[in-house]
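**Q** Take this structure, written in structure tokens, and hold onto it; I'll ask about it next.
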Amino acid sequence: MTELSLSIDGPTASGKTTLATALARELGLAFLDTGLTYRSLAFALDHEPIETLAADLGALLIHRPEVYARHSEEDPWQRHVILFRGQDITDRIFHTSLDRNLKAVAQNTACRQAILALHRSIAEKHGNIVAVGRDVATSLLTEATLHIYLTASDSVRVERRRAQYRNMPDRSIRVGPATERDLENRDAIRAMPNSLEVDSTYLPAAAVLKAALRELGKYTA
């Protein structure tokens, strides 16, 4: 069977995880949220110097997404397991205190390269996968069956994140405008022949999923 892979890029709170989860359930795919690895390293940075993390990431961190059964109703946050030095830190990586560390990880070239290598090993292991984050189309799943770029207005993205974490006061709700990096990714994905751009500002999640499946059908028929 031909492997099926999808990349989903876009700015924060544009609907990437919602769409990725829906596609994983619909198609029976593994779901990789690349941002969770970055947040995991932000947590680890309180315990190890960044040089150690970058040099030995494969031994220190295990990011284990699971494969969805078709039409699964399982919660995606329960499907990801992240271990640091053998301890489950999955529920400890969202605290607002880690935001500064997250920036340091994202700006460190060696860390980014180590994270990309880890994500590539995950993608190779699962084959049939939907990966979500930033730079997924241009770095991780460059040969994906379909590349999707999601966007939404700044105000809608802010409200989505607030609603998502309304009952979780320790989680970061910071959402800024699309960055230069976001726009560069958008332009790169627009240039790909097998790509889809969706503005989800006024669309319900079901409509975004329908658009993605309709476009995907062009490449899997």
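Residue names in the structure tokens use chain letters A, B, ... in the order shown, residue numbers from 1 in each chain, and ligand numbers from 1 in the order shown.
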Determine, for each residue of segment 11-87 of chain A having at least one atom at most 8 Å from an atom of segment 189-205 of chain A, the closest pair of atoms and their separation in Å to one decimal, counting only C-alpha atoms; order by chain and ascending number, as CSV.
**A**
```
residue,atom,partner,partner_atom,distance
A:Ser14,CA,A:Ser200,CA,6.9
A:Gly15,CA,A:Ser200,CA,7.2
A:Thr18,CA,A:Ala205,CA,7.2
A:Leu19,CA,A:Ala205,CA,7.0
```
**Q** For C-alpha atoms, I'd like the residues from the last selection saved as a PDB file, in the first residue's frame.
**A**
```pdb
ATOM      1  CA  SER A  14      -5.123  28.494  13.176  1.00  0.00           C
ATOM      2  CA  GLY A  15      -6.763  25.083  13.619  1.00  0.00           C
ATOM      3  CA  THR A  18      -8.011  20.134  15.219  1.00  0.00           C
ATOM      4  CA  LEU A  19      -7.613  19.295  11.542  1.00  0.00           C
TER       5      LEU A  19
END
```
**Q** Determine, for each residue of segment 124-163 of chain A having at least one atom at most 8 Å from an atom of segment 32-40 of chain A, the closest pair of atoms and their separation in Å to one decimal, counting only C-alpha atoms; order by chain and ascending number, as JSON lines.
**A**
```
{"residue": "A:Ile129", "atom": "CA", "partner": "A:Leu32", "partner_atom": "CA", "distance": 7.3}
{"residue": "A:Val130", "atom": "CA", "partner": "A:Leu32", "partner_atom": "CA", "distance": 6.3}
{"residue": "A:Ala131", "atom": "CA", "partner": "A:Leu32", "partner_atom": "CA", "distance": 4.6}
{"residue": "A:Val132", "atom": "CA", "partner": "A:Asp33", "partner_atom": "CA", "distance": 5.1}
{"residue": "A:Gly133", "atom": "CA", "partner": "A:Thr34", "partner_atom": "CA", "distance": 5.4}
{"residue": "A:Arg134", "atom": "CA", "partner": "A:Thr34", "partner_atom": "CA", "distance": 7.9}
```
**Q** For Ala44 of chain A, find every residue with an atom within 12 Å (counting only C-alpha atoms), except residues of its own chain fewer than 3 positions away, and show them as a PyMOL selection string.
**A** chain A and resi 37-41+47-54+57+60-61+82-85+87-90+92-93+98+101-102+104-105+111
**Q** Run DSSP on the backbone and give me the residues of segment 47-220 of chain A it puts in alpha helix (DSSP H), as a VMD selection string.
**A** chain A and resid 50 to 55 57 to 60 76 to 79 99 to 106 109 to 126 154 to 164 180 to 190 205 to 220
**Q** Based on the backbone DSSP call, show me all residues of segment 137-182 of chain A assigned strand (DSSP E or B), as a compact mmCIF listing (two decimals) with N, CA, C and O atoms, in the first residue's frame.
**A**
```txt
# COMPACT_ATOMS: atom_id res chain seq x y z
N LEU A 146 -0.01 15.45 0.54
CA LEU A 146 -0.66 16.76 0.47
C LEU A 146 -0.08 17.67 1.54
O LEU A 146 0.10 17.25 2.68
N HIS A 147 0.21 18.91 1.14
CA HIS A 147 0.67 19.93 2.07
C HIS A 147 -0.48 20.91 2.31
O HIS A 147 -1.04 21.46 1.36
N ILE A 148 -0.80 21.15 3.58
CA ILE A 148 -1.90 22.04 3.93
C ILE A 148 -1.36 23.21 4.73
O ILE A 148 -0.56 23.04 5.65
N TYR A 149 -1.80 24.41 4.36
CA TYR A 149 -1.47 25.60 5.14
C TYR A 149 -2.78 26.20 5.65
O TYR A 149 -3.68 26.53 4.87
N LEU A 150 -2.90 26.31 6.97
CA LEU A 150 -4.08 26.88 7.60
C LEU A 150 -3.78 28.28 8.11
O LEU A 150 -2.68 28.54 8.64
N THR A 151 -4.74 29.14 7.98
CA THR A 151 -4.61 30.47 8.54
C THR A 151 -5.95 30.91 9.11
O THR A 151 -6.98 30.25 8.89
N ARG A 171 -1.49 27.18 31.56
CA ARG A 171 -1.03 27.00 30.18
C ARG A 171 -0.92 28.34 29.46
O ARG A 171 -1.72 29.25 29.66
```
**Q** Considering only C-alpha atoms, return as a list in words whatever protein or nucleic-acid residues lie within 12 Å of Asp154 of chain A, sequence-local ones (same chain, fewer than 2 positions apart) excluded.
**A**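 Everything that qualifies: Pro11, Thr12, Ala13, Ser14, Thr151, Ala152, Val156, Arg157, Val158, Glu159, Arg160, Arg161, Arg174, Val175, Gly176, Pro177, Ala178, Thr179, Asp199, Ser200 and Thr201 of chain A.
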**Q** Write the residues of the preceding selection, restricted to all heavy atoms, as a compact mmCIF listing (two decimals), in the first residue's frame.
**A**
```txt
# COMPACT_ATOMS: atom_id res chain seq x y z
N PRO A 11 0.14 29.50 11.38
CA PRO A 11 0.42 30.19 12.64
C PRO A 11 -0.32 29.57 13.81
O PRO A 11 -1.23 28.74 13.64
CB PRO A 11 -0.06 31.62 12.38
CG PRO A 11 -1.07 31.49 11.29
CD PRO A 11 -0.61 30.35 10.44
N THR A 12 0.05 29.97 15.02
CA THR A 12 -0.54 29.45 16.25
C THR A 12 -2.06 29.62 16.25
O THR A 12 -2.58 30.67 15.87
CB THR A 12 0.05 30.20 17.45
OG1 THR A 12 1.46 30.03 17.45
CG2 THR A 12 -0.53 29.67 18.76
N ALA A 13 -2.77 28.57 16.68
CA ALA A 13 -4.22 28.59 16.86
C ALA A 13 -4.99 28.83 15.56
O ALA A 13 -6.10 29.35 15.57
CB ALA A 13 -4.62 29.64 17.90
N SER A 14 -4.42 28.38 14.46
CA SER A 14 -5.12 28.49 13.18
C SER A 14 -6.00 27.28 12.90
O SER A 14 -6.71 27.24 11.90
CB SER A 14 -4.13 28.69 12.03
OG SER A 14 -3.17 27.65 12.00
N THR A 151 -4.74 29.14 7.98
CA THR A 151 -4.61 30.47 8.54
C THR A 151 -5.95 30.91 9.11
O THR A 151 -6.98 30.25 8.89
CB THR A 151 -4.12 31.47 7.47
OG1 THR A 151 -3.83 32.73 8.10
CG2 THR A 151 -5.17 31.67 6.38
N ALA A 152 -5.94 31.98 9.86
CA ALA A 152 -7.17 32.57 10.41
C ALA A 152 -6.81 33.98 10.87
O ALA A 152 -5.63 34.30 11.06
CB ALA A 152 -7.73 31.74 11.57
N VAL A 156 -9.51 35.92 15.80
CA VAL A 156 -10.10 34.58 15.95
C VAL A 156 -9.10 33.63 16.57
O VAL A 156 -9.45 32.81 17.45
CB VAL A 156 -10.59 34.06 14.58
CG1 VAL A 156 -10.86 32.55 14.64
CG2 VAL A 156 -11.84 34.79 14.16
N ARG A 157 -7.84 33.71 16.18
CA ARG A 157 -6.83 32.82 16.75
C ARG A 157 -6.65 33.08 18.25
O ARG A 157 -6.50 32.14 19.04
CB ARG A 157 -5.50 32.98 16.01
CG ARG A 157 -5.57 32.46 14.57
CD ARG A 157 -4.21 32.36 13.91
NE ARG A 157 -3.54 33.63 13.77
CZ ARG A 157 -2.45 33.99 14.44
NH1 ARG A 157 -1.91 33.18 15.34
NH2 ARG A 157 -1.89 35.16 14.23
N VAL A 158 -6.68 34.33 18.64
CA VAL A 158 -6.57 34.67 20.06
C VAL A 158 -7.74 34.08 20.84
O VAL A 158 -7.55 33.48 21.91
CB VAL A 158 -6.51 36.20 20.25
CG1 VAL A 158 -6.67 36.56 21.73
CG2 VAL A 158 -5.19 36.76 19.72
N GLU A 159 -8.95 34.24 20.32
CA GLU A 159 -10.13 33.73 21.02
C GLU A 159 -10.14 32.21 21.08
O GLU A 159 -10.57 31.62 22.07
CB GLU A 159 -11.41 34.25 20.35
CG GLU A 159 -11.66 35.73 20.61
CD GLU A 159 -11.65 36.06 22.09
OE1 GLU A 159 -12.30 35.34 22.87
OE2 GLU A 159 -10.98 37.04 22.47
N ARG A 160 -9.67 31.57 20.03
CA ARG A 160 -9.61 30.11 20.04
C ARG A 160 -8.68 29.61 21.14
O ARG A 160 -8.99 28.67 21.86
CB ARG A 160 -9.11 29.60 18.69
CG ARG A 160 -10.15 29.64 17.58
CD ARG A 160 -9.52 29.21 16.27
NE ARG A 160 -10.48 29.22 15.19
CZ ARG A 160 -10.18 29.09 13.90
NH1 ARG A 160 -8.90 28.92 13.57
NH2 ARG A 160 -11.10 29.12 12.98
N ARG A 161 -7.52 30.23 21.27
CA ARG A 161 -6.58 29.78 22.27
C ARG A 161 -7.11 30.05 23.68
O ARG A 161 -6.94 29.23 24.59
CB ARG A 161 -5.23 30.47 22.05
CG ARG A 161 -4.10 30.03 23.00
CD ARG A 161 -3.95 28.53 23.10
NE ARG A 161 -3.80 27.82 21.84
CZ ARG A 161 -2.65 27.60 21.22
NH1 ARG A 161 -1.53 28.05 21.75
NH2 ARG A 161 -2.64 26.91 20.10
N ARG A 174 -0.49 32.70 24.82
CA ARG A 174 0.08 33.76 24.00
C ARG A 174 -0.06 33.43 22.51
O ARG A 174 0.38 32.39 22.05
CB ARG A 174 1.55 33.95 24.35
CG ARG A 174 2.15 35.21 23.74
CD ARG A 174 3.50 35.51 24.34
NE ARG A 174 4.52 34.64 23.78
CZ ARG A 174 5.80 34.67 24.17
NH1 ARG A 174 6.18 35.46 25.15
NH2 ARG A 174 6.68 33.87 23.60
N VAL A 175 -0.69 34.34 21.79
CA VAL A 175 -0.88 34.20 20.35
C VAL A 175 -0.56 35.54 19.70
O VAL A 175 -1.18 36.55 20.03
CB VAL A 175 -2.33 33.79 19.99
CG1 VAL A 175 -2.52 33.79 18.49
CG2 VAL A 175 -2.64 32.42 20.57
N GLY A 176 0.40 35.55 18.82
CA GLY A 176 0.77 36.79 18.13
C GLY A 176 0.38 36.74 16.67
O GLY A 176 -0.15 35.73 16.18
N PRO A 177 0.63 37.80 15.95
CA PRO A 177 0.35 37.80 14.51
C PRO A 177 1.25 36.81 13.79
O PRO A 177 2.27 36.37 14.33
CB PRO A 177 0.63 39.24 14.09
CG PRO A 177 1.60 39.75 15.13
CD PRO A 177 1.22 39.08 16.41
N ALA A 178 0.87 36.45 12.59
CA ALA A 178 1.71 35.57 11.78
C ALA A 178 3.09 36.18 11.64
O ALA A 178 3.24 37.37 11.38
CB ALA A 178 1.07 35.36 10.41
N THR A 179 4.11 35.36 11.85
CA THR A 179 5.49 35.84 11.80
C THR A 179 6.02 35.82 10.36
O THR A 179 5.39 35.26 9.45
CB THR A 179 6.39 34.96 12.67
OG1 THR A 179 6.43 33.64 12.09
CG2 THR A 179 5.87 34.87 14.10
N ASP A 199 -8.33 29.32 4.76
CA ASP A 199 -8.56 30.35 5.77
C ASP A 199 -9.73 29.87 6.63
O ASP A 199 -10.86 29.80 6.16
CB ASP A 199 -8.88 31.69 5.12
CG ASP A 199 -9.02 32.82 6.13
OD1 ASP A 199 -9.26 32.54 7.32
OD2 ASP A 199 -8.90 33.99 5.73
N SER A 200 -9.43 29.50 7.86
CA SER A 200 -10.44 28.89 8.73
C SER A 200 -11.19 29.90 9.60
O SER A 200 -11.93 29.50 10.49
CB SER A 200 -9.78 27.84 9.63
OG SER A 200 -8.88 28.45 10.54
N THR A 201 -11.01 31.19 9.32
CA THR A 201 -11.61 32.23 10.17
C THR A 201 -13.10 32.02 10.35
O THR A 201 -13.63 32.09 11.47
CB THR A 201 -11.35 33.62 9.57
OG1 THR A 201 -9.94 33.84 9.47
CG2 THR A 201 -11.97 34.70 10.46
```
**Q** Check the smallest atom-to-atom distance from each of A:Asp99, A:Asp135, A:Asp170, A:Glu143 to Asp46 of chain A using only C-alpha atoms, then report the winner.
**A**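 With only C-alpha atoms as the atom set, the closest residue is A:Asp99.
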